[in-house]
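Structure first, commentary second.
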Amino acid sequence: MYVWHPFTQMQTADEPLEIIRAEKTLLFTADHKTYIDCNSSWWVNVHGHGHPHIGQAISEQFSLIDHVIFAGATHPKAVELAERIISILPEKHFQKVFFSDNGSTAIEVALKMVFQFWYNKNQPKKRILALEGAYHGDTFGAMAIGQRGYFNAPFEHFFFDVDQLEFPTIEIESRLLIQAEELFKTGEFAAIIVEPLIQGSAGMRTYSSKWLEKIVVLARKYNVLVIFDEVMTAWGRTGKLFAMNHMTELPDIVCLSKGLTGGVLPLGLTISTDEIYDAFLSDEKTKALLHGHSFTGNALACAAACASLDLFEREETWERITSLCKSNLEFSKTLENHPKIEEIRLCGTILAIELKSVDGNTYFSGIRDIAYRYFLENGLLIRPLGNVIFINPPYCITDMELELIYEKITQFLTTNF
Ligand SMILES: Cc1ncc(COP(=O)(O)O)c(C=O)c1O
């Protein structure tokens with residue numbers, strides 16, 4: 001009665017599910033129903049709910065330090081997390097880790113880093129290049145670089161200018177590279193930001209890693225910084241630990257969140273090279289990155305993240321990821337040429353099915369509510385992105401649960417939506 005839910009038209013929305021317990025892939029409600037959490041609770045809960053190893057790490061950390069101010073003080077779990085993150089990112093390319101609270105704040109920090117990087121060098125550059133369809137979060141900077149439209153129309157007037165490149169489908173890849181080069185040549189671009197390999201909120205749209213590598217090379221040629229928003233793509237989602245593991249060309253900044261803590265506590269990281277960090281070193285205090293949040297470097301979240309990294313070191317986690325990728329691939333083959341499907345998109349552990357829709361491909365497609373309710377009635381929590389249904393379940397999902405999901409999706413396709 002007093003709660004205002006996110007992304008929800010409170011006047012018309014169905015009653016929310018009242019979840020009273022969560023374990024592994026399952027959510028249990030007050031009215032004794034059980035749902036499989038097919039989207040890992042907004043794509044965060046990678047190891048499943050209530051993982052004992054993460055729980056124990058949080059509890060042990062609580063007995064030592066719950067939270068401590070992170071300016072003028074530090075603590076061992078933040079140091080451990082930073083060291084471990086740098087060591088698992090490619091080639092020791094990244095050197096510095098800045099902590100914040102979630103995906104959007106990780107992006108805000110990245111934007112402030114790139115703008116101030118050029119400002120501190122007395123070469124202020126004000127333009128950012130982003131991809132059409134991008135989603136980088138709901139704070140102002142993150143909205144400004146995201147796809148403009150009904151989600152952010154009330155605020156558009158307040159956004160800084162952003163140049164947008166069309167989504168790189170194979171047919172237009174070369175033209176976009178020429179266009180990007182023309183823009184970069186102006187010398188006005190501070191950075192380019194992308195969700196590498198797959199755009200999440202745009203409907204799990206995939207694009208080529210080779211194209212992305214080419215644009216990174218171009219950016220480097222014209223001194224444009226590159227930000228990878230790996231908030232959604234990290235932590236095994238694309239089949240490798242990070243999406244950038246599919247590439248040899250690397251960004252200057254990477255943003256992480258969501259599955260970072262195994263999805264149990266909010267935490268964001270913005271990770272940069274030494275080249276960026278060095279531009280903030282000065283005798284002048286105002287050249288510092290004057291940014292921080294009360295919960296920056298929260299010790300419980302850092303402990304959860306370290307415990308999640310332990311789980312990624314276990315072979316069984318990667319066996320599950322590999323098996324999930326394979327099962328999704330096999331299932332997708334059974335749907336080939338389906339008359340109700342516009343396109344099937346596979347990226348590692350993510351399977352997305354774009355349904356043919358009279359409203360076109362839109363978040364507010366009428367199919368969305370029909371599909372959402374159908375799956376709930378069948379024990380699955382799947383939140384479609386408009387006419388795109390997708391699954392990215394926790395890695396502990398069992399073969400039986402996966403079979404059930406596939407069966408229900410197949411059945412849904414036989415209904416009159
Ligand atoms: C690619 C990407 N970036 C940033 C965000 C924002 O993260 P948060 O919701 O934690 O603010 C999201 C959230 O879905 C995302 O998918």
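Residues are referred to by chain and number: the chain letter is A, B, ... according to the order shown in the structure tokens, the number counts from 1 in that chain, and ligands are numbered separately from 1 in the order shown.
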Requested in this report: Please provide the set of residues having any atom within 12 Å of stretch 176-188 of chain A, restricted to only C-alpha atoms, with same-chain residues fewer than 6 positions apart removed, written as a PyMOL selection string.
Outcome: chain A and resi 115+118+123-132+162-170+210-226
Sort by chain and increasing residue number a table of all residues of chain A within 8 Å of ligand 1, each with its closest pair of atoms and their distance in Å to one decimal, counting only C-alpha atoms and all ligand atoms, and write it as CSV.
```
residue,atom,partner,partner_atom_place_in_ligand_line,distance
A:Trp42,CA,ligand 1,14 (O),7.0
A:Trp43,CA,ligand 1,14 (O),7.6
A:Asp101,CA,ligand 1,10 (O),7.8
A:Asn102,CA,ligand 1,10 (O),4.1
A:Gly103,CA,ligand 1,7 (O),3.2
A:Ser104,CA,ligand 1,11 (O),3.7
A:Thr105,CA,ligand 1,11 (O),6.5
A:Ala106,CA,ligand 1,4 (C),7.9
A:Ile107,CA,ligand 1,4 (C),6.8
A:Ala134,CA,ligand 1,1 (C),7.7
A:Tyr135,CA,ligand 1,2 (C),5.7
A:His136,CA,ligand 1,3 (N),3.7
A:Gly137,CA,ligand 1,6 (C),3.6
A:Asp138,CA,ligand 1,11 (O),6.3
A:Thr139,CA,ligand 1,11 (O),7.6
A:Ala142,CA,ligand 1,4 (C),7.6
A:Glu195,CA,ligand 1,1 (C),5.6
A:Gln199,CA,ligand 1,1 (C),6.8
A:Gly200,CA,ligand 1,16 (O),5.5
A:Ser201,CA,ligand 1,16 (O),6.2
A:Asp229,CA,ligand 1,1 (C),5.6
A:Glu230,CA,ligand 1,1 (C),6.2
A:Val231,CA,ligand 1,2 (C),4.8
A:Met232,CA,ligand 1,16 (O),4.7
A:Thr233,CA,ligand 1,1 (C),7.2
A:Ser257,CA,ligand 1,10 (O),6.4
A:Lys258,CA,ligand 1,10 (O),6.0
A:Pro266,CA,ligand 1,10 (O),7.6
A:Gly268,CA,ligand 1,10 (O),7.6
```
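Here atom CA of A:Phe417 is placed at a distance of 28.6 Å from atom CA of A:Tyr207.
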Report task. Write down as an MDAnalysis selection string the residues belonging to stretch 215-405 of chain A that are assigned strand (DSSP E or B) by DSSP computed on the backbone. Result -> chainID A and resid 225:229 253:256 268:272 341:347 350:355 380:381 385 388:391
Output as a tab-separated table one row per residue of stretch 36-152 of chain A within 8 Å of stretch 289-295 of chain A: the closest atom pair and its distance in Å to one decimal place, counting only C-alpha atoms, sorted by chain and residue number ascending.
```
residue	atom	partner	partner_atom	distance
A:His67	CA	A:Phe295	CA	7.6
A:Ile69	CA	A:Ser294	CA	7.2
A:Ser100	CA	A:His293	CA	6.6
A:Asp101	CA	A:Phe295	CA	6.8
A:Val109	CA	A:His291	CA	7.6
A:Lys112	CA	A:Leu289	CA	7.9
A:Met113	CA	A:Leu289	CA	7.3
A:Gln116	CA	A:Leu289	CA	7.8
```
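When only C-alpha atoms are used to measure the gap to A:Phe412, the shortest distance among A:Phe159, A:Phe390, A:Phe375, A:Tyr395 belongs to A:Phe375.
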Determine, for each residue of stretch 160-262 of chain A having at least one atom at most 10 Å from an atom of stretch 346-357 of chain A, the closest pair of atoms and their separation in Å to one decimal, counting only C-alpha atoms; order by chain and ascending number, as JSON lines.
```
{"residue": "A:Leu197", "atom": "CA", "partner": "A:Cys347", "partner_atom": "CA", "distance": 8.3}
{"residue": "A:Ile198", "atom": "CA", "partner": "A:Cys347", "partner_atom": "CA", "distance": 7.5}
{"residue": "A:Gly200", "atom": "CA", "partner": "A:Ile350", "partner_atom": "CA", "distance": 9.9}
{"residue": "A:Gly203", "atom": "CA", "partner": "A:Ala352", "partner_atom": "CA", "distance": 7.7}
{"residue": "A:Met204", "atom": "CA", "partner": "A:Ala352", "partner_atom": "CA", "distance": 6.3}
{"residue": "A:Arg205", "atom": "CA", "partner": "A:Ala352", "partner_atom": "CA", "distance": 8.5}
{"residue": "A:Thr206", "atom": "CA", "partner": "A:Cys347", "partner_atom": "CA", "distance": 7.2}
{"residue": "A:Tyr207", "atom": "CA", "partner": "A:Cys347", "partner_atom": "CA", "distance": 9.8}
{"residue": "A:Thr233", "atom": "CA", "partner": "A:Cys347", "partner_atom": "CA", "distance": 9.5}
{"residue": "A:Gly236", "atom": "CA", "partner": "A:Thr349", "partner_atom": "CA", "distance": 7.5}
{"residue": "A:Arg237", "atom": "CA", "partner": "A:Thr349", "partner_atom": "CA", "distance": 5.2}
{"residue": "A:Thr238", "atom": "CA", "partner": "A:Gly348", "partner_atom": "CA", "distance": 4.0}
{"residue": "A:Gly239", "atom": "CA", "partner": "A:Gly348", "partner_atom": "CA", "distance": 4.1}
{"residue": "A:Lys240", "atom": "CA", "partner": "A:Gly348", "partner_atom": "CA", "distance": 7.7}
{"residue": "A:Ala243", "atom": "CA", "partner": "A:Gly348", "partner_atom": "CA", "distance": 9.7}
```
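Between A:Phe331 and the residues A:Ile54, A:Val79, A:Ala153, A:Ile409, the shortest atom-to-atom distance, using only C-alpha atoms, involves A:Ile409.
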Query raised in the report: How many Å separate atom CA of A:Thr286 from atom CA of A:Asp274?
Result: 18.9 Å
Query - Residue with smallest distance to A:Arg373 - pool A:Val46, A:Leu260, A:Ala13, A:Leu335, counting only C-alpha atoms - result: A:Ala13
Wanna dump the stretch 71-98 of chain A-stretch 302-307 of chain A contacts at 7 Å for me, each residue with its shortest atom pair and the distance in Å to one decimal, counting only C-alpha atoms, ordered by chain and number, as a tab-separated table?
```
residue	atom	partner	partner_atom	distance
A:Lys77	CA	A:Cys302	CA	5.7
A:Ala78	CA	A:Cys302	CA	5.7
A:Leu81	CA	A:Cys306	CA	5.8
```
Would you mind exporting N, CA and C atoms of the selected residues as an mmCIF file, in the first residue's frame?
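Listing of part-v8.cif after writing:
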```cif
data_model
loop_
_atom_site.group_PDB
_atom_site.id
_atom_site.type_symbol
_atom_site.label_atom_id
_atom_site.label_comp_id
_atom_site.auth_asym_id
_atom_site.auth_seq_id
_atom_site.Cartn_x
_atom_site.Cartn_y
_atom_site.Cartn_z
ATOM 1 N N LYS A 77 38.560 -6.329 2.632
ATOM 2 C CA LYS A 77 37.745 -6.977 1.587
ATOM 3 C C LYS A 77 37.707 -6.148 0.310
ATOM 4 N N ALA A 78 37.731 -4.817 0.463
ATOM 5 C CA ALA A 78 37.743 -3.969 -0.736
ATOM 6 C C ALA A 78 39.077 -4.153 -1.466
ATOM 7 N N LEU A 81 39.054 -7.529 -3.134
ATOM 8 C CA LEU A 81 38.196 -7.548 -4.319
ATOM 9 C C LEU A 81 38.876 -6.834 -5.491
#
```
Query raised in the report: Which value, in Å to one decimal, gives the distance between atom CA of A:Trp235 and atom CA of A:Thr334?
Result: 27.4 Å
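Minimum atom-to-atom distance to A:Asn392, evaluated using only C-alpha atoms, belongs to A:Asn328 out of A:Ser209, A:His93, A:Asn328, A:Gln56.
Using only C-alpha atoms for every distance, the candidate list A:Glu319, A:Glu80, A:Glu171, A:Glu336 yields A:Glu319 as the residue closest to A:Cys396.
Nearest residue to A:Arg314 among A:Lys33, A:His338, A:Lys333, A:His53 is A:His53, counting only C-alpha atoms.
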Query - stretch 358-364 of chain A environment, 7 Å, only C-alpha atoms, sequence neighbours closer than 4 positions dropped, as a list in words - result: Arg368, Leu385, Gly386 and Asn387 of chain A
Requested in this report: Please report, as a PyMOL selection string, each residue of stretch 24-269 of chain A to which DSSP assigns helix (DSSP H, G or I) when run on this structure's backbone.
Outcome: chain A and resi 40-43+52-64+76-88+90-92+103-120+140-145+153-158+170-185+209-221+243-246+258-261
Requested in this report: Please provide the set of residues having any atom within 10 Å of A:Lys287, restricted to only C-alpha atoms, with same-chain residues fewer than 4 positions apart removed, written as a PyMOL selection string.
Outcome: chain A and resi 116-117+119-121+279-283
Query raised in the report: If you count only C-alpha atoms, which residues fall within 7 Å of A:Asp66, apart from same-chain ones fewer than 2 positions away, as a list in words?
Result: Gln61, Phe62, Leu64, Val68, Ala299 and Leu300 of chain A
Produce a file of the selected residues containing N, CA and C atoms, as a CSV table (one decimal), in the first residue's frame.
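Listing of again_7.csv after writing:
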```csv
chain,number,residue,atom,x,y,z
A,61,GLN,N,32.0,-11.5,7.4
A,61,GLN,CA,32.4,-10.1,7.3
A,61,GLN,C,31.6,-9.2,8.3
A,62,PHE,N,30.4,-9.5,8.5
A,62,PHE,CA,29.6,-8.7,9.4
A,62,PHE,C,30.2,-8.7,10.8
A,64,LEU,N,33.2,-8.8,11.5
A,64,LEU,CA,34.5,-8.0,11.5
A,64,LEU,C,34.2,-6.5,11.2
A,68,VAL,N,32.2,0.8,6.5
A,68,VAL,CA,33.1,1.9,7.0
A,68,VAL,C,33.3,2.9,5.9
A,299,ALA,N,31.5,-3.1,2.9
A,299,ALA,CA,32.3,-4.3,3.2
A,299,ALA,C,31.5,-5.5,3.0
A,300,LEU,N,30.2,-5.5,3.3
A,300,LEU,CA,29.4,-6.7,3.1
A,300,LEU,C,29.3,-7.1,1.7
```
